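J.: Input structure: upload-v5.txt, which contains compact mmCIF, C-alpha atoms.
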# COMPACT_ATOMS: atom_id res chain seq x y z
CA MET A 3 193.21 -95.37 77.95
CA ASP A 4 189.70 -96.76 77.39
CA LYS A 5 188.97 -98.81 74.28
CA LEU A 6 186.65 -97.44 71.62
CA TYR A 7 185.31 -99.23 68.57
CA VAL A 8 184.30 -97.08 65.60
CA ILE A 9 182.32 -99.40 63.35
CA LYS A 10 180.99 -98.52 59.91
CA ILE A 11 178.16 -100.61 58.50
CA GLY A 12 177.82 -100.83 54.73
CA GLY A 13 174.79 -99.87 52.68
CA ASN A 14 174.17 -103.41 51.41
CA ILE A 15 173.71 -104.55 55.02
CA VAL A 16 171.42 -101.60 55.77
CA ASP A 17 169.28 -102.74 52.81
CA ASP A 18 168.96 -106.31 54.15
CA ASP A 19 166.67 -106.46 57.21
CA ALA A 20 167.83 -109.92 58.35
CA LYS A 21 171.55 -109.12 58.04
CA LEU A 22 171.12 -105.74 59.69
CA THR A 23 169.22 -107.24 62.63
CA SER A 24 171.89 -109.92 63.12
CA PHE A 25 174.64 -107.29 62.99
CA LEU A 26 172.91 -105.00 65.49
CA VAL A 27 172.44 -107.87 67.97
CA SER A 28 176.21 -108.47 67.85
CA PHE A 29 177.00 -104.75 67.99
CA ALA A 30 174.82 -104.29 71.09
CA THR A 31 176.85 -106.91 72.99
CA ILE A 32 180.14 -104.99 72.69
CA LYS A 33 181.00 -104.00 76.26
CA GLU A 34 183.53 -101.31 75.40
CA HIS A 35 182.72 -97.80 74.18
CA LYS A 36 181.42 -97.84 70.62
CA ILE A 37 180.22 -95.64 67.78
CA LEU A 38 178.24 -96.87 64.80
CA VAL A 39 178.45 -95.03 61.47
CA HIS A 40 175.96 -96.09 58.79
CA GLY A 41 175.52 -95.43 55.12
CA GLY A 42 172.29 -94.99 53.24
CA GLY A 43 171.92 -98.02 51.05
CA LYS A 44 169.39 -97.93 48.27
CA VAL A 45 166.48 -96.65 50.35
CA ALA A 46 167.03 -93.00 49.38
CA THR A 47 166.95 -93.92 45.70
CA LYS A 48 163.71 -95.89 46.12
CA ILE A 49 161.98 -93.12 48.08
CA GLY A 50 163.37 -90.53 45.68
CA ASP A 51 161.75 -92.40 42.79
CA LEU A 52 158.42 -92.31 44.61
CA LEU A 53 158.79 -88.55 45.18
CA GLY A 54 159.95 -87.82 41.64
CA ILE A 55 163.52 -86.96 42.70
CA GLU A 56 165.94 -88.47 40.19
CA SER A 57 169.16 -89.97 41.56
CA LYS A 58 172.25 -88.98 39.60
CA TYR A 59 175.67 -90.57 40.03
CA VAL A 60 179.18 -90.00 38.69
CA ASP A 61 181.66 -92.87 39.30
CA GLY A 62 179.30 -94.31 41.90
CA ARG A 63 179.07 -91.05 43.88
CA ARG A 64 175.72 -89.35 44.31
CA ILE A 65 175.27 -85.84 42.93
CA THR A 66 173.51 -83.90 45.69
CA ASP A 67 171.35 -80.99 44.57
CA ALA A 68 168.91 -79.06 46.79
CA ALA A 69 166.11 -81.63 46.43
CA THR A 70 168.52 -84.52 47.04
CA ILE A 71 169.98 -83.10 50.28
CA ASP A 72 166.42 -82.89 51.62
CA LEU A 73 165.81 -86.48 50.51
CA VAL A 74 168.99 -87.99 51.99
CA THR A 75 168.58 -86.06 55.24
CA MET A 76 165.05 -87.45 55.63
CA VAL A 77 166.13 -90.99 54.76
CA TYR A 78 169.61 -91.28 56.29
CA ALA A 79 169.20 -89.12 59.40
CA GLY A 80 165.51 -89.94 59.83
CA LEU A 81 164.17 -93.27 58.65
CA ILE A 82 167.34 -95.40 58.60
CA ASN A 83 168.98 -93.83 61.65
CA LYS A 84 165.92 -94.13 63.87
CA LYS A 85 165.22 -97.72 62.80
CA ILE A 86 168.78 -98.63 63.83
CA VAL A 87 168.50 -96.72 67.11
CA ALA A 88 165.18 -98.39 67.95
CA GLN A 89 166.61 -101.87 67.31
CA LEU A 90 169.65 -101.15 69.47
CA GLN A 91 167.39 -99.91 72.29
CA GLN A 92 165.52 -103.22 71.96
CA HIS A 93 168.81 -104.95 72.79
CA SER A 94 169.62 -102.73 75.80
CA CYS A 95 172.13 -100.58 73.94
CA ASN A 96 171.49 -96.91 74.82
CA ALA A 97 171.90 -95.62 71.27
CA LEU A 98 171.58 -91.95 70.34
CA GLY A 99 171.10 -91.01 66.69
CA VAL A 100 173.18 -88.06 65.50
CA THR A 101 174.32 -86.19 62.41
CA GLY A 102 177.40 -84.03 62.06
CA ALA A 103 175.28 -80.96 62.80
CA ASP A 104 174.16 -82.23 66.23
CA GLY A 105 176.43 -80.90 68.94
CA ASN A 106 178.65 -79.60 66.13
CA LEU A 107 180.04 -83.14 66.01
CA ILE A 108 181.27 -83.04 62.41
CA PRO A 109 181.70 -79.71 60.65
CA ALA A 110 182.61 -80.08 56.98
CA VAL A 111 183.38 -78.02 53.91
CA LYS A 112 181.47 -78.18 50.65
CA ARG A 113 183.50 -80.12 48.11
CA PRO A 114 185.14 -77.68 45.68
CA VAL A 115 184.03 -77.88 42.06
CA LYS A 116 186.78 -79.31 39.85
CA ASP A 117 185.96 -81.52 36.87
CA ILE A 118 182.64 -82.50 38.48
CA ASP A 119 180.22 -80.49 40.60
CA TYR A 120 179.01 -82.94 43.25
CA GLY A 121 176.69 -80.31 44.70
CA LEU A 122 175.95 -80.29 48.43
CA VAL A 123 178.60 -82.85 49.36
CA GLY A 124 180.80 -82.36 52.40
CA ASP A 125 184.48 -83.14 52.84
CA VAL A 126 185.65 -83.83 56.40
CA LYS A 127 189.07 -83.67 58.03
CA SER A 128 189.83 -85.06 61.49
CA GLU A 129 190.98 -81.68 62.82
CA MET A 130 187.46 -80.36 62.14
CA VAL A 131 185.75 -83.17 64.09
CA ASN A 132 184.73 -82.14 67.63
CA PRO A 133 186.31 -84.74 69.98
CA GLY A 134 185.00 -83.03 73.12
CA SER A 135 181.36 -83.46 72.08
CA TRP A 136 181.92 -87.08 71.02
CA SER A 137 183.67 -87.86 74.33
CA SER A 138 180.86 -86.22 76.31
CA LEU A 139 178.28 -88.46 74.65
CA ILE A 140 180.38 -91.60 75.08
CA ASN A 141 181.32 -90.89 78.69
CA SER A 142 177.65 -90.17 79.48
CA GLY A 143 176.82 -93.76 78.56
CA PHE A 144 175.41 -93.16 75.08
CA THR A 145 176.29 -95.12 71.95
CA PRO A 146 176.29 -92.59 69.11
CA VAL A 147 174.79 -93.79 65.83
CA ALA A 148 175.96 -91.39 63.13
CA ALA A 149 174.09 -90.76 59.87
CA PRO A 150 176.28 -89.58 56.95
CA ILE A 151 175.10 -85.96 57.07
CA THR A 152 177.42 -83.10 58.10
CA HIS A 153 177.11 -79.29 58.06
CA ASP A 154 179.14 -76.31 56.89
CA GLU A 155 178.64 -74.19 60.06
CA ASN A 156 176.68 -71.70 57.94
CA GLY A 157 173.36 -73.52 58.17
CA GLN A 158 173.81 -75.84 55.19
CA LEU A 159 173.56 -79.63 55.57
CA LEU A 160 175.95 -81.69 53.44
CA ASN A 161 175.85 -85.29 52.19
CA THR A 162 179.09 -87.00 53.24
CA ASN A 163 180.71 -90.37 52.58
CA ALA A 164 180.14 -92.67 55.57
CA ASP A 165 183.54 -94.40 55.25
CA THR A 166 185.23 -91.01 55.46
CA ILE A 167 183.17 -90.03 58.51
CA ALA A 168 184.15 -93.26 60.28
CA GLN A 169 187.83 -92.74 59.46
CA GLU A 170 187.94 -89.08 60.50
CA VAL A 171 186.00 -89.65 63.74
CA ALA A 172 188.34 -92.56 64.59
CA LYS A 173 191.37 -90.36 63.95
CA ALA A 174 190.00 -87.45 65.97
CA LEU A 175 189.27 -89.67 69.00
CA SER A 176 192.55 -91.62 68.88
CA LYS A 177 194.16 -89.10 71.24
CA THR A 178 191.48 -89.77 73.88
CA PHE A 179 190.75 -93.47 73.37
CA GLU A 180 192.48 -96.61 72.13
CA VAL A 181 190.55 -96.75 68.87
CA SER A 182 189.83 -99.74 66.65
CA LEU A 183 188.21 -98.94 63.32
CA ILE A 184 186.12 -101.64 61.65
CA PHE A 185 184.61 -101.40 58.18
CA SER A 186 181.90 -104.06 58.05
CA PHE A 187 180.07 -104.85 54.83
CA GLU A 188 178.80 -107.77 52.71
CA LYS A 189 182.20 -109.27 51.74
CA SER A 190 184.60 -111.36 53.86
CA GLY A 191 187.22 -108.62 53.64
CA VAL A 192 189.59 -107.41 50.94
CA LEU A 193 189.48 -109.94 48.11
CA LEU A 194 192.00 -110.45 45.31
CA ASP A 195 189.05 -111.53 43.18
CA VAL A 196 185.90 -109.64 44.14
CA ASN A 197 183.77 -112.62 43.01
CA ASP A 198 185.72 -115.22 44.98
CA GLU A 199 185.30 -115.17 48.77
CA SER A 200 188.18 -117.65 49.12
CA SER A 201 190.62 -115.03 47.74
CA LEU A 202 190.56 -113.15 51.06
CA ILE A 203 193.71 -111.19 51.88
CA LYS A 204 194.08 -111.72 55.64
CA VAL A 205 196.78 -109.09 56.19
CA MET A 206 197.25 -105.98 54.06
CA SER A 207 200.38 -103.84 54.38
CA GLN A 208 200.89 -100.50 52.67
CA GLU A 209 203.62 -102.03 50.52
CA TYR A 210 201.44 -104.92 49.34
CA TYR A 211 198.50 -102.59 48.75
CA SER A 212 200.64 -100.31 46.57
CA GLU A 213 201.87 -103.33 44.64
CA ILE A 214 198.47 -104.83 43.82
CA ARG A 215 196.92 -101.43 43.18
CA GLU A 216 199.61 -100.68 40.61
CA LYS A 217 198.86 -103.99 38.90
CA GLY A 218 195.15 -103.18 38.84
CA SER A 219 194.47 -106.29 40.93
CA ILE A 220 192.28 -104.56 43.51
CA PHE A 221 188.56 -103.89 43.07
CA ALA A 222 188.12 -100.17 42.34
CA GLY A 223 185.35 -99.81 44.92
CA MET A 224 187.72 -100.99 47.66
CA ILE A 225 190.39 -98.36 46.97
CA PRO A 226 188.78 -95.47 48.91
CA LYS A 227 188.15 -97.80 51.88
CA LEU A 228 191.80 -98.90 51.92
CA ASP A 229 193.06 -95.35 51.50
CA ASN A 230 190.94 -94.39 54.51
CA ALA A 231 192.26 -97.37 56.48
CA PHE A 232 195.94 -96.53 55.98
CA SER A 233 195.29 -92.85 56.67
CA ALA A 234 193.67 -93.80 59.98
CA LEU A 235 196.62 -95.98 61.03
CA LYS A 236 199.08 -93.19 60.28
CA SER A 237 197.04 -90.83 62.46
CA GLY A 238 197.02 -92.88 65.65
CA VAL A 239 194.20 -95.40 65.22
CA LYS A 240 195.42 -98.64 66.81
CA ASN A 241 194.06 -101.10 64.27
CA VAL A 242 191.80 -101.28 61.25
CA ILE A 243 189.85 -104.35 60.13
CA ILE A 244 187.68 -104.82 57.04
CA GLY A 245 185.25 -107.73 56.91
CA LYS A 246 181.81 -109.26 56.82
CA ALA A 247 179.15 -107.64 59.01
CA GLU A 248 177.73 -111.01 60.10
CA ASN A 249 181.15 -111.90 61.52
CA LEU A 250 181.43 -108.83 63.76
CA PRO A 251 182.48 -110.71 66.95
CA SER A 252 185.42 -112.38 65.16
CA LEU A 253 186.33 -109.11 63.43
CA ILE A 254 186.65 -107.53 66.86
CA GLN A 255 188.82 -110.42 68.03
CA GLY A 256 190.99 -110.03 64.92
CA THR A 257 190.41 -113.62 63.81
CA ASP A 258 188.46 -112.79 60.67
CA GLY A 259 188.44 -110.30 57.83
CA THR A 260 191.42 -108.31 56.56
CA SER A 261 193.74 -106.68 59.10
CA ILE A 262 195.34 -103.48 57.84
CA ILE A 263 198.88 -103.00 59.16
CA HIS A 264 201.58 -100.35 58.85
CA GLU A 265 204.17 -102.70 57.37
Could I get this structure in the form of structure tokens?

T.:
Amino acid sequence: MDKLYVIKIGGNIVDDDAKLTSFLVSFATIKEHKILVHGGGKVATKIGDLLGIESKYVDGRRITDAATIDLVTMVYAGLINKKIVAQLQQHSCNALGVTGADGNLIPAVKRPVKDIDYGLVGDVKSEMVNPGSWSSLINSGFTPVAAPITHDENGQLLNTNADTIAQEVAKALSKTFEVSLIFSFEKSGVLLDVNDESSLIKVMSQEYYSEIREKGSIFAGMIPKLDNAFSALKSGVKNVIIGKAENLPSLIQGTDGTSIIHE
């Protein structure tokens, strides 16, 4: 079974030209099959301000109305995606920018309204992801670069969490490839103290995660990422690593960051 790396790059790296360039140089050198999933960073908010489109958030999650889905599609799937693709081409990586609508790669469903109406936000499950289309791209020699935009199969684009996309794509392709899932962002990995890089947790089991989560010792923003990581492992992904984007080569080797394990 061929190896495949599904690597998600965090928004804070996307926002930093120097860090993004360094990361993409390392990413381009990966010899095995690879997919890059990127978030949007703060660019959409900045451009939205210029266009008079107010950004609204609840618990750190963007509310996506009709004007905002147009904005994030332009920024995520256009500006950011094509800048990343162009830089990867510069480094001889045959990148192809995609959204979930392209090739029906990632169908999604609009998030149901409960306590909060998030608007045009998509929820994805691995059984909805189209592994045949992903495999065709990969086996044709392309490196897909996925923007966090999906579709509902009825013509509507949906804004979707990039961590979730990475997790669900990794799960869907784990039957075809030996998949490693890497969440790369601005921190060294999962930290006991979010302000102290030396508090890195090198190995995180489900049992330990449950224990520190119950105590409230884990940074709230890390919880969805860890939930995604354990879900991926249970669904056939070989390994999951969370760590600093600048250290991508050592994350791939498993010598840096936080390794997520079954037990």

J.: May I ask for the distance between atom CA of A:Asn106 and atom CA of A:Ser142, given in Å to one decimal place?

T.: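 Straight-line distance from atom CA of A:Asn106 to atom CA of A:Ser142 works out to 17.1 Å.
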
J.: Excluding A:Ile71 and any residue of its chain fewer than 2 positions from it, enumerate the residues within 9 Å of it, using only C-alpha atoms, and give them as a list in words.

T.: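 Residues near the query, excluding close chain neighbours: Thr66, Asp67, Ala68, Ala69, Leu73, Val74, Thr75, Met76, Leu122, Val123, Ile151, Leu159, Leu160 and Asn161 of chain A.
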
J.: For A:Lys240, which residue among A:Val181, A:Ala103, A:Leu194, A:Ile82 is the nearest when counting only C-alpha atoms?

T.: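 Answer, going by the shortest atom-to-atom distance: A:Val181.
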
J.: Wanna dump the stretch 125-242 of chain A-stretch 92-95 of chain A contacts at 10 Å for me, each residue with its shortest atom pair and the distance in Å to one decimal, counting all atoms listed in the file, ordered by chain and number, as JSON lines?

T.:
{"residue": "A:Gly143", "atom": "CA", "partner": "A:Cys95", "partner_atom": "CA", "distance": 9.5}
{"residue": "A:Phe144", "atom": "CA", "partner": "A:Cys95", "partner_atom": "CA", "distance": 8.2}
{"residue": "A:Thr145", "atom": "CA", "partner": "A:Cys95", "partner_atom": "CA", "distance": 7.1}

J.: Hey, can you check how far atom CA of A:Lys227 sits from atom CA of A:Leu139?

T.: 26.5 Å

J.: Quick check, in Å to one decimal: how far apart do atom CA of A:Leu183 and atom CA of A:Pro109 lie?

T.: 20.5 Å

J.: Mind listing whatever residues come within 12 Å of the point (196.8, -109.5, 54.9)? Use all atoms listed in the file, file coordinates, and give them as a list in words.

T.: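 The residues that fall inside the cut-off are Gly191, Val192, Leu193, Leu194, Ser201, Leu202, Ile203, Lys204, Val205, Met206, Ser207, Gln208, Glu209, Tyr210, Tyr211, Val242, Ile243, Ile244, Gly245, Gly256, Thr257, Asp258, Gly259, Thr260, Ser261, Ile262, Ile263, His264 and Glu265 of chain A.
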
J.: Please list as a ChimeraX atom specification every residue within 9 Å of stretch 184-189 of chain A, counting only C-alpha atoms and excluding residues in the same chain fewer than 2 positions away.

T.: /A:7-15,165,168,182,191-193,196,199,227,231,241-250,253-254,259

J.: Would you please work out which residue, of A:Ala110, A:Val45, A:Val115, A:Val239, is nearest to A:Lys127 when using only C-alpha atoms?

T.: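 Answer, going by the shortest atom-to-atom distance: A:Ala110.
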
J.: Rank nothing, just name the residue among A:Asp72, A:Ser190, A:Asn230, A:Gln91 nearest to A:Ser252, using only C-alpha atoms.

T.: A:Ser190

J.: For stretch 98-208 of chain A versus stretch 30-42 of chain A, which residues have an atom no more than 7 Å away, and what is each residue's nearest atom pair and distance in Å rounded to one decimal, using all atoms listed in the file, chain-then-number order, as a Markdown table?

T.:
| residue | atom | partner | partner_atom | distance |
| --- | --- | --- | --- | --- |
| A:Ile140 | CA | A:His35 | CA | 6.7 |
| A:Thr145 | CA | A:Ile37 | CA | 5.8 |
| A:Pro146 | CA | A:Ile37 | CA | 5.1 |
| A:Val147 | CA | A:Leu38 | CA | 4.7 |
| A:Ala148 | CA | A:Val39 | CA | 4.7 |
| A:Ala149 | CA | A:His40 | CA | 5.8 |
| A:Pro150 | CA | A:Gly41 | CA | 6.2 |
| A:Ala164 | CA | A:Gly41 | CA | 5.4 |
| A:Ala168 | CA | A:Val39 | CA | 6.1 |

J.: Around the point (178.0, -78.0, 70.2), in the coordinates given by the file, pick out the residues reaching within 12 Å, counting only C-alpha atoms, and return them as a ChimeraX atom specification.

T.: /A:101-109,131-136,138-139,155

J.: Counting all atoms listed in the file, which residue out of A:Ile65, A:Leu228, A:Leu53, A:Val87 sits closest to A:Leu22?

T.: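 Using all atoms listed in the file, the shortest distance to A:Leu22 belongs to A:Val87.
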
J.: Name the closest residue to A:Gly121 among the candidates A:Val27, A:Leu235, A:Val60, A:Val171; distances are taken between atoms, counting all atoms listed in the file.

T.: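 Result for the nearest residue to A:Gly121: A:Val60.
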
J.: Could you give me the axis-aligned bounding box of stretch 82-92 of chain A, with 5 Å of padding per side, as centre plus edge lengths in Å to one decimal, as JSON?

T.:
{"center_x": 167.4, "center_y": -98.5, "center_z": 65.4, "size_x": 14.5, "size_y": 19.4, "size_z": 23.7}
